[in-house]
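J.: File model36.cif follows (mmCIF, C-alpha atoms and all ligand atoms):
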data_final
#
loop_
_atom_site.label_atom_id
_atom_site.label_comp_id
_atom_site.auth_asym_id
_atom_site.auth_seq_id
_atom_site.Cartn_x
_atom_site.Cartn_y
_atom_site.Cartn_z
CA MET A 962 26.96 22.37 -0.91
CA GLU A 963 24.53 19.62 -1.94
CA THR A 964 26.65 16.52 -1.31
CA ALA A 965 26.15 12.86 -2.26
CA VAL A 966 28.15 9.73 -1.57
CA ILE A 967 29.21 7.01 -4.00
CA ILE A 968 30.16 3.78 -2.28
CA VAL A 969 32.07 1.46 -4.55
CA ALA A 970 31.32 -2.16 -3.71
CA ALA A 971 31.46 -4.00 -7.04
CA GLY A 972 34.85 -5.68 -6.49
CA ARG A 973 35.34 -9.37 -5.88
CA GLY A 974 38.18 -8.97 -3.30
CA SER A 975 40.30 -12.01 -4.08
CA ARG A 976 42.88 -11.37 -1.28
CA MET A 977 40.33 -11.89 1.49
CA GLY A 978 39.15 -15.36 0.55
CA GLY A 979 35.76 -16.56 1.77
CA ALA A 980 32.58 -17.59 -0.01
CA VAL A 981 31.32 -14.03 -0.52
CA PRO A 982 33.18 -10.82 -1.39
CA LYS A 983 34.60 -9.05 1.68
CA GLN A 984 32.13 -6.16 1.58
CA TRP A 985 29.35 -8.72 2.10
CA GLN A 986 31.07 -10.70 4.85
CA MET A 987 29.73 -10.33 8.38
CA LEU A 988 31.26 -7.88 10.84
CA LEU A 989 29.73 -7.91 14.34
CA GLY A 990 26.55 -9.49 13.08
CA LYS A 991 25.91 -7.44 9.95
CA PRO A 992 27.47 -7.12 6.52
CA VAL A 993 30.49 -4.81 6.23
CA LEU A 994 28.51 -2.62 3.85
CA ALA A 995 25.77 -2.07 6.44
CA HIS A 996 28.41 -0.54 8.73
CA THR A 997 29.79 1.55 5.85
CA LEU A 998 26.32 2.85 4.98
CA ALA A 999 25.63 3.68 8.64
CA ALA A 1000 28.64 6.02 8.61
CA PHE A 1001 26.91 8.13 5.94
CA ARG A 1002 23.46 8.06 7.53
CA GLY A 1003 21.33 11.03 6.52
CA MET A 1004 23.27 11.64 3.28
CA ARG A 1005 22.23 10.70 -0.25
CA VAL A 1006 24.06 7.49 -1.13
CA VAL A 1007 24.54 5.62 -4.40
CA LEU A 1008 25.84 2.10 -3.87
CA VAL A 1009 27.70 0.65 -6.85
CA ILE A 1010 27.37 -3.13 -6.82
CA HIS A 1011 28.32 -6.18 -8.83
CA PRO A 1012 25.29 -7.51 -10.75
CA ASP A 1013 25.64 -10.82 -8.85
CA ASP A 1014 25.06 -8.98 -5.54
CA ARG A 1015 21.77 -7.30 -6.43
CA ALA A 1016 19.64 -9.60 -4.27
CA ARG A 1017 21.93 -9.02 -1.27
CA ALA A 1018 21.92 -5.25 -1.79
CA GLU A 1019 18.22 -4.69 -2.22
CA GLY A 1020 17.54 -4.78 1.51
CA LEU A 1021 19.97 -1.95 2.29
CA GLY A 1022 17.57 0.86 1.42
CA VAL A 1023 19.84 2.95 -0.82
CA ASP A 1024 19.98 3.64 -4.55
CA LEU A 1025 21.78 0.85 -6.41
CA VAL A 1026 23.83 1.13 -9.59
CA GLU A 1027 25.57 -1.77 -11.30
CA GLY A 1028 29.30 -1.22 -11.66
CA GLY A 1029 31.66 -2.00 -14.50
CA ALA A 1030 34.61 -4.34 -14.93
CA THR A 1031 37.08 -1.90 -13.30
CA ARG A 1032 36.98 0.45 -10.34
CA ASP A 1033 37.08 3.47 -12.71
CA ALA A 1034 34.10 2.17 -14.63
CA SER A 1035 32.17 1.58 -11.40
CA VAL A 1036 32.82 5.11 -10.13
CA LEU A 1037 31.78 6.56 -13.48
CA ALA A 1038 28.53 4.56 -13.31
CA GLY A 1039 27.87 6.07 -9.88
CA LEU A 1040 28.67 9.61 -11.07
CA ARG A 1041 26.34 9.19 -14.07
CA ALA A 1042 23.53 8.11 -11.74
CA LEU A 1043 23.86 11.45 -9.92
CA GLU A 1044 24.19 13.61 -13.03
CA GLY A 1045 21.44 16.21 -13.35
CA SER A 1046 20.25 15.74 -9.76
CA GLY A 1047 21.57 19.08 -8.47
CA ILE A 1048 24.44 17.45 -6.57
CA GLU A 1049 27.37 19.86 -6.21
CA ALA A 1050 29.87 17.66 -4.39
CA VAL A 1051 30.52 13.96 -4.08
CA LEU A 1052 32.40 11.72 -1.67
CA ILE A 1053 33.72 8.54 -3.30
CA HIS A 1054 34.33 5.77 -0.78
CA ASP A 1055 35.45 2.15 -0.73
CA GLY A 1056 32.74 -0.14 0.60
CA ALA A 1057 35.38 -2.09 2.51
CA ARG A 1058 36.20 0.86 4.80
CA PRO A 1059 33.35 0.54 7.30
CA LEU A 1060 34.89 2.55 10.17
CA VAL A 1061 35.06 6.02 8.60
CA SER A 1062 33.96 8.60 11.17
CA ARG A 1063 31.50 11.45 10.85
CA ALA A 1064 34.29 13.83 11.90
CA LEU A 1065 36.39 12.81 8.88
CA ILE A 1066 33.39 13.16 6.56
CA ASP A 1067 32.79 16.66 7.95
CA ARG A 1068 36.47 17.63 7.45
CA LEU A 1069 36.30 16.57 3.81
CA VAL A 1070 33.07 18.42 3.08
CA ALA A 1071 34.51 21.55 4.74
CA ALA A 1072 37.70 21.30 2.62
CA LEU A 1073 35.62 21.37 -0.58
CA GLU A 1074 34.60 24.93 0.25
CA SER A 1075 38.09 26.02 -0.86
CA HIS A 1076 39.39 23.14 -3.02
CA ALA A 1077 38.18 21.18 -6.06
CA GLY A 1078 39.20 17.98 -4.29
CA ALA A 1079 40.20 16.77 -0.84
CA ALA A 1080 41.24 13.34 0.36
CA PRO A 1081 42.33 11.83 3.68
CA ALA A 1082 45.80 10.45 4.21
CA LEU A 1083 48.28 9.68 6.99
CA PRO A 1084 52.01 10.35 6.85
CA VAL A 1085 54.17 7.24 6.56
CA ALA A 1086 55.77 6.70 9.99
CA ASP A 1087 57.63 3.40 9.46
CA ALA A 1088 60.90 3.19 7.58
CA LEU A 1089 60.43 1.98 4.01
CA TRP A 1090 62.54 -0.61 2.21
CA ARG A 1091 62.63 -2.06 -1.20
CA GLY A 1092 63.00 -5.85 -0.86
CA GLU A 1093 64.34 -8.38 -3.34
CA ASN A 1094 64.19 -12.16 -2.91
CA GLY A 1095 63.54 -11.83 0.83
CA PHE A 1096 66.42 -9.40 1.51
CA VAL A 1097 66.55 -5.66 2.02
CA ALA A 1098 67.81 -4.22 -1.22
CA ALA A 1099 67.50 -0.51 -0.45
CA ALA A 1100 66.09 2.02 1.99
CA VAL A 1101 63.42 4.27 0.50
CA ASP A 1102 63.15 7.88 1.60
CA ARG A 1103 59.71 8.31 3.20
CA THR A 1104 59.85 12.12 3.21
CA GLY A 1105 56.65 13.50 1.78
CA LEU A 1106 55.01 10.08 1.47
CA TRP A 1107 51.40 9.56 2.58
CA ARG A 1108 49.09 6.58 2.94
CA ALA A 1109 45.94 7.40 0.99
CA GLN A 1110 42.45 6.63 2.28
CA THR A 1111 38.86 7.23 1.21
CA PRO A 1112 36.36 8.92 1.11
CA GLN A 1113 37.88 11.14 -1.54
CA ALA A 1114 35.85 14.30 -1.98
CA PHE A 1115 35.35 16.38 -5.10
CA ARG A 1116 33.20 19.06 -6.58
CA PHE A 1117 30.81 17.11 -8.76
CA ALA A 1118 31.11 18.58 -12.26
CA PRO A 1119 34.94 18.56 -12.42
CA ILE A 1120 35.28 14.96 -11.19
CA LEU A 1121 32.60 13.74 -13.60
CA ALA A 1122 34.45 15.45 -16.46
CA ALA A 1123 37.76 14.04 -15.22
CA HIS A 1124 36.42 10.47 -15.16
CA ARG A 1125 34.90 10.86 -18.62
CA GLN A 1126 38.20 11.85 -20.16
CA HIS A 1127 40.42 9.43 -18.19
CA PRO A 1128 41.75 6.45 -20.20
CA GLY A 1129 41.27 4.06 -17.25
CA GLY A 1130 43.53 2.10 -14.94
CA ALA A 1131 43.76 4.68 -12.13
CA ALA A 1132 44.42 3.43 -8.58
CA ASP A 1133 41.93 5.89 -7.11
CA ASP A 1134 39.88 9.00 -7.84
CA VAL A 1135 42.64 11.36 -6.75
CA GLU A 1136 44.72 10.00 -9.62
CA VAL A 1137 41.84 10.65 -12.00
CA ALA A 1138 41.36 14.17 -10.63
CA ARG A 1139 45.04 15.03 -10.88
CA ALA A 1140 45.23 13.76 -14.44
CA ALA A 1141 42.58 16.38 -15.24
CA GLY A 1142 44.58 19.11 -13.48
CA LEU A 1143 42.43 19.36 -10.33
CA ASP A 1144 44.10 20.28 -7.05
CA VAL A 1145 43.48 17.80 -4.25
CA ALA A 1146 44.13 18.93 -0.68
CA ILE A 1147 45.35 16.38 1.88
CA VAL A 1148 43.03 16.14 4.89
CA GLU A 1149 44.10 14.35 8.07
CA GLY A 1150 43.04 10.70 7.83
CA GLU A 1151 42.35 8.22 10.63
CA GLU A 1152 44.26 5.13 11.76
CA THR A 1153 40.90 3.50 12.48
CA ASN A 1154 39.67 4.06 8.90
CA LEU A 1155 40.84 0.57 7.95
CA LYS A 1156 40.45 -0.94 4.52
CA LEU A 1157 39.45 -4.56 5.14
CA THR A 1158 41.90 -6.44 2.97
CA TRP A 1159 43.20 -9.45 4.89
CA PRO A 1160 41.27 -11.81 7.20
CA ALA A 1161 43.06 -10.37 10.29
CA ASP A 1162 41.61 -6.92 9.47
CA PHE A 1163 38.17 -8.18 10.51
CA ALA A 1164 39.37 -8.88 14.06
CA ARG A 1165 40.88 -5.38 14.27
CA ALA A 1166 37.71 -3.78 12.91
CA GLU A 1167 35.56 -5.69 15.42
CA ALA A 1168 37.78 -4.57 18.30
CA ILE A 1169 37.50 -0.93 17.17
CA LEU A 1170 33.73 -1.14 16.79
CA LYS A 1171 33.31 -2.74 20.22
CA GLY A 1172 35.42 0.02 21.75
CA ARG A 1173 33.18 2.76 20.41
CA ALA A 1174 30.69 4.10 22.92
CA MET A 1175 27.23 2.78 22.20
CA ASP A 1176 24.57 5.45 21.93
CA VAL A 1177 21.65 4.39 24.13
CA ARG A 1178 18.71 6.74 24.67
CA MET A 1179 15.89 6.49 27.16
CA GLY A 1180 12.58 8.32 27.30
CA ASN A 1181 9.50 8.25 29.47
CA GLY A 1182 5.88 9.10 28.80
CA TYR A 1183 2.85 9.72 30.97
CA ASP A 1184 -0.76 10.23 29.89
CA VAL A 1185 -4.22 10.43 31.39
CA HIS A 1186 -7.66 10.26 29.80
CA ALA A 1187 -10.97 10.73 31.64
CA PHE A 1188 -13.86 8.30 31.35
CA CYS A 1189 -16.99 9.39 29.48
CA GLU A 1190 -20.13 7.73 28.17
CA GLY A 1191 -19.40 4.65 26.06
CA ASP A 1192 -19.17 0.89 25.89
CA HIS A 1193 -15.47 0.27 25.16
CA VAL A 1194 -11.99 1.70 25.57
CA TRP A 1195 -8.93 1.44 23.28
CA LEU A 1196 -5.85 0.43 25.24
CA CYS A 1197 -2.49 -0.33 23.57
CA GLY A 1198 -4.25 -0.91 20.26
CA VAL A 1199 -6.81 -3.36 21.63
CA LYS A 1200 -10.56 -2.64 21.86
CA VAL A 1201 -11.61 -3.60 25.38
CA PRO A 1202 -15.33 -3.80 26.24
CA HIS A 1203 -16.15 -1.60 29.24
CA GLY A 1204 -19.15 0.20 30.69
CA ARG A 1205 -17.55 3.55 29.85
CA GLY A 1206 -15.41 5.12 27.11
CA LEU A 1207 -12.36 7.37 27.27
CA LEU A 1208 -12.59 11.04 26.35
CA GLY A 1209 -9.99 12.42 23.95
CA HIS A 1210 -9.30 14.21 20.72
CA SER A 1211 -8.10 10.98 19.07
CA ASP A 1212 -9.18 7.45 20.04
CA ALA A 1213 -7.87 8.26 23.56
CA ASP A 1214 -5.57 5.23 23.68
CA VAL A 1215 -3.81 6.33 26.82
CA GLY A 1216 -1.26 3.47 26.82
CA MET A 1217 -0.19 4.02 23.24
CA HIS A 1218 0.06 7.76 23.85
CA ALA A 1219 2.39 7.24 26.81
CA LEU A 1220 4.57 4.89 24.76
CA THR A 1221 4.65 7.28 21.80
CA ASP A 1222 5.71 10.13 24.10
CA ALA A 1223 8.44 7.92 25.57
CA ILE A 1224 9.92 7.39 22.10
CA TYR A 1225 9.68 11.10 21.27
CA GLY A 1226 11.31 11.79 24.62
CA ALA A 1227 14.24 9.48 23.87
CA LEU A 1228 14.73 11.43 20.63
CA THR A 1229 14.32 14.83 22.37
CA GLU A 1230 11.43 15.39 19.99
CA GLY A 1231 8.82 16.72 22.40
CA ASP A 1232 5.53 14.85 22.54
CA ILE A 1233 2.54 13.83 20.41
CA GLY A 1234 1.12 17.34 20.64
CA ARG A 1235 4.16 18.76 18.83
CA HIS A 1236 3.85 16.37 15.90
CA PHE A 1237 0.04 16.04 15.78
CA PRO A 1238 -1.38 19.31 17.16
CA PRO A 1239 -4.83 18.82 18.77
CA SER A 1240 -5.82 22.11 17.12
CA ASP A 1241 -5.55 20.38 13.72
CA PRO A 1242 -8.96 18.83 12.90
CA GLN A 1243 -7.40 16.09 10.73
CA TRP A 1244 -6.33 14.23 13.90
CA LYS A 1245 -9.85 14.27 15.43
CA GLY A 1246 -10.76 10.66 16.21
CA ALA A 1247 -7.45 9.47 14.73
CA ALA A 1248 -6.32 5.92 15.45
CA SER A 1249 -3.32 6.21 17.73
CA HIS A 1250 -1.19 3.75 15.75
CA ILE A 1251 -0.56 6.70 13.41
CA PHE A 1252 1.27 8.48 16.24
CA LEU A 1253 3.24 5.42 17.33
CA SER A 1254 4.24 4.56 13.74
CA HIS A 1255 5.45 8.12 13.26
CA ALA A 1256 7.54 8.07 16.43
CA ILE A 1257 9.24 4.74 15.66
CA GLY A 1258 9.79 5.84 12.04
CA LEU A 1259 11.45 9.03 13.28
CA ALA A 1260 13.68 6.93 15.53
CA ARG A 1261 14.70 4.72 12.60
CA SER A 1262 15.38 7.72 10.37
CA ARG A 1263 17.88 8.86 13.03
CA GLY A 1264 19.50 5.43 13.09
CA TYR A 1265 17.91 4.07 16.26
CA GLU A 1266 16.07 0.83 16.89
CA LEU A 1267 13.83 0.01 19.83
CA GLY A 1268 15.81 -1.80 22.54
CA ASN A 1269 12.74 -2.44 24.66
CA CYS A 1270 9.72 -0.67 26.08
CA ASP A 1271 7.53 -1.08 29.14
CA VAL A 1272 3.98 0.27 29.49
CA THR A 1273 2.06 0.35 32.78
CA LEU A 1274 -1.68 1.05 32.77
CA VAL A 1275 -3.14 2.38 36.03
CA CYS A 1276 -6.83 1.64 36.57
CA GLU A 1277 -9.26 -0.33 38.73
CA ARG A 1278 -11.25 -1.45 35.72
CA PRO A 1279 -11.36 -2.78 33.06
CA LYS A 1280 -9.16 -5.70 34.05
CA ILE A 1281 -6.07 -5.59 31.83
CA GLY A 1282 -4.65 -9.07 32.50
CA PRO A 1283 -6.84 -10.95 30.01
CA HIS A 1284 -5.83 -8.48 27.24
CA ALA A 1285 -2.16 -7.89 28.07
CA LEU A 1286 -0.75 -10.40 25.58
CA ALA A 1287 -2.92 -9.04 22.75
CA MET A 1288 -1.75 -5.51 23.64
CA GLN A 1289 1.89 -6.61 23.62
CA ALA A 1290 1.43 -8.26 20.23
CA GLU A 1291 -0.35 -5.24 18.75
CA LEU A 1292 2.25 -2.70 19.93
CA ALA A 1293 5.02 -4.97 18.60
CA ARG A 1294 3.24 -5.28 15.24
CA ILE A 1295 2.79 -1.51 14.88
CA MET A 1296 6.44 -0.85 15.71
CA GLY A 1297 7.74 -3.75 13.61
CA VAL A 1298 9.67 -5.31 16.50
CA ASP A 1299 9.76 -8.67 18.21
CA ALA A 1300 7.10 -9.01 20.94
CA GLY A 1301 9.89 -9.90 23.35
CA ARG A 1302 10.89 -6.21 23.29
CA VAL A 1303 7.47 -5.00 24.45
CA SER A 1304 6.03 -5.24 27.96
CA VAL A 1305 2.47 -4.30 28.92
CA LYS A 1306 1.36 -4.56 32.52
CA ALA A 1307 -1.17 -2.94 34.81
CA THR A 1308 -1.75 -1.94 38.38
CA THR A 1309 -4.61 -0.52 40.38
CA SER A 1310 -4.01 2.46 42.66
CA GLU A 1311 -5.66 0.79 45.66
CA ARG A 1312 -8.83 2.85 45.11
CA LEU A 1313 -6.84 6.03 45.81
CA GLY A 1314 -6.87 9.15 43.67
CA PHE A 1315 -8.62 9.75 40.35
CA THR A 1316 -7.79 6.31 39.00
CA GLY A 1317 -8.98 4.74 42.27
CA ARG A 1318 -12.26 6.63 42.00
CA GLU A 1319 -12.54 5.37 38.39
CA GLU A 1320 -12.61 8.86 36.92
CA GLY A 1321 -10.07 7.91 34.26
CA ILE A 1322 -7.06 5.81 33.28
CA ALA A 1323 -3.39 6.79 33.57
CA ALA A 1324 -0.47 5.22 31.75
CA LEU A 1325 3.29 5.35 32.14
CA ALA A 1326 5.81 4.13 29.58
CA THR A 1327 9.57 3.83 29.23
CA ALA A 1328 11.33 3.26 25.94
CA VAL A 1329 15.00 2.57 25.26
CA LEU A 1330 16.44 3.26 21.82
CA VAL A 1331 19.79 1.92 20.70
CA GLN A 1332 21.84 2.99 17.73
CA ALA A 1333 21.26 0.38 15.06
MG MG B 1401 -3.39 11.20 25.29
#
In structure tokens, how does this file's structure come out?
T.:
Amino acid sequence: METAVIIVAAGRGSRMGGAVPKQWQMLLGKPVLAHTLAAFRGMRVVLVIHPDDRARAEGLGVDLVEGGATRDASVLAGLRALEGSGIEAVLIHDGARPLVSRALIDRLVAALESHAGAAPALPVADALWRGENGFVAAAVDRTGLWRAQTPQAFRFAPILAAHRQHPGGAADDVEVARAAGLDVAIVEGEETNLKLTWPADFARAEAILKGRAMDVRMGNGYDVHAFCEGDHVWLCGVKVPHGRGLLGHSDADVGMHALTDAIYGALTEGDIGRHFPPSDPQWKGAASHIFLSHAIGLARSRGYELGNCDVTLVCERPKIGPHALAMQAELARIMGVDAGRVSVKATTSERLGFTGREEGIAALATAVLVQA
């Protein structure tokens, strides 16, 4: 089922306090909404914002829709933005629940195969009281009571119709769906799927995030190009004058090729040859930054950022030292990272082997990717 996500983030969140609404406050170094969006990586997302937050939201890289005065109106604005786009199912989620897991999202999508709606909830475990003036006035039977969470999942056309005919004032989308006669299945929720409501919730959310295993990926790359006739070589994006050239299908930038293969390796995405087959004439003489840009773009599309990389060039000549800083800067520029994350160094092979005989240049690279 073609599924989209509406993240509702237009509220002003008066209970939290603070200079900015809670969904824009910082959680472990990035806005709450950046964490929420990361949970839905790879899915089509519509973010419903308050008009005052447009400048903040524009950097997030998702479709923006301005919400209305109420939560209902904001959800309807999001649904309208998806109308006619072929979407068959929609998950409607509070922007202030940044810890929702992929497993919960998958359970909800699976439940829509057999239900018009599905929503996560947890059974109430504590005893419930009704209080009056600071005293217990009555015990409340908790049998059959659930604590509702989001995302709430629905087939698209019925929930759009339900919102259109609802008079407004609903607490959530399940209430809107039920008012229209839709069945909503309860799916097992998660204790960690917190709704950030009070200042202390931020400390809990940070502790949960820190406890999650960080996904770190490492790859290596190795490449060799033989010398040929010429008066320069391309190494790590820098044109270096030399009495010979390097032979290759592209510009033969052996250092950049090794680095590109290291990134593909970290992603288990093969090597340059898989993505840019040498049999394809369009890559003849290609500048190698095309390959490196593709590899780092693929990493980012999977939610990874470069932690650091280290490239070693193996040759007797040309001397790399005078060009190493320019190479570092150029690789960093191509990948869009700080130069402090890029190392370029060189060694000779003590006149041994093919590099020692100056038949060609070899390069090794290691790249570490971390989940952004
Ligand atoms: Mg190569």
J.: Please identify the residues whose atoms come within 8 Å of ligand MG 1401 (chain B), using all atoms listed in the file, and report them as a PyMOL selection string.
T.: chain A and resi 1184-1186+1209+1211+1213-1215+1218-1219
J.: Just the number, please: distance in Å from CA of Arg1139 (chain A) to CA of Leu998 (chain A), one decimal.
T.: 27.4 Å
J.: Tell me, as a PyMOL selection string, which residues lie within 12 Å of Ala999 (chain A), counting all atoms listed in the file; anything in the same chain fewer than 5 positions away does not count.
T.: chain A and resi 968+991-994+1004-1006+1021-1023+1056+1058-1063+1261-1265+1332-1333
J.: Hey, can you pull every residue with an atom no more than 12 Å from (62.7, 8.2, -1.7), using all atoms listed in the file, and send it as an MDAnalysis selection string?
T.: chainID A and resid 1085 1088:1091 1099:1106
J.: Box time for region 1013-1019 of chain A: axis-aligned, enclosing all its listed atoms, 3 Å extra on each side; report centre and edge lengths in Å to one decimal, as JSON.
T.:
{"center_x": 21.9, "center_y": -7.8, "center_z": -5.1, "size_x": 13.4, "size_y": 12.1, "size_z": 13.6}
J.: CA of Asp1241 (chain A) to CA of Leu1208 (chain A): how many Å, to one decimal?
T.: 17.2 Å
J.: I need every residue sitting at most 12 Å from the point (14.7, 13.4, 24.4) (coordinates as in the file, all atoms listed in the file considered), written as a VMD selection string.
T.: chain A and resid 1177 to 1182 1222 to 1232 1256 1260 1327 to 1330
J.: Can you tell me, as an MDAnalysis selection string, what residues are no more than 10 Å from Val1298 (chain A) when counting all atoms listed in the file, ignoring any on the same chain fewer than 4 positions away?
T.: chainID A and resid 1266:1269 1290 1292:1294 1302:1303
J.: Please report the interatomic distance between CA of Met1288 (chain A) and CA of Cys1270 (chain A) in Å with one decimal.
T.: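 Separation between CA of Met1288 (chain A) and CA of Cys1270 (chain A): 12.7 Å.
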J.: Using only C-alpha atoms, find the one residue out of A:Gly1092, A:Gly1198, A:Gly990, A:Gly1129 that sits nearest to His1284 (chain A).
T.: A:Gly1198
J.: List as a PyMOL selection string the protein and nucleic acid residues near Met1217 (chain A), meaning an atom at most 8 Å away when only C-alpha atoms are counted, but skip any in the same chain fewer than 3 places from it.
T.: chain A and resi 1196-1198+1214+1220-1221+1249-1250+1253+1292
J.: With only C-alpha atoms as the counted atoms, please give the residues lying no more than 7 Å from Phe1115 (chain A), apart from itself and same-chain residues fewer than 3 positions off, as JSON, numbers by chain.
T.: {"A": [1050, 1051, 1052, 1073, 1077, 1078, 1079, 1120]}
J.: Taking only C-alpha atoms into account, which of A:Thr1031, A:Glu1074, A:Arg1015, A:Leu1259 comes nearest Ala1131 (chain A)?
T.: A:Thr1031
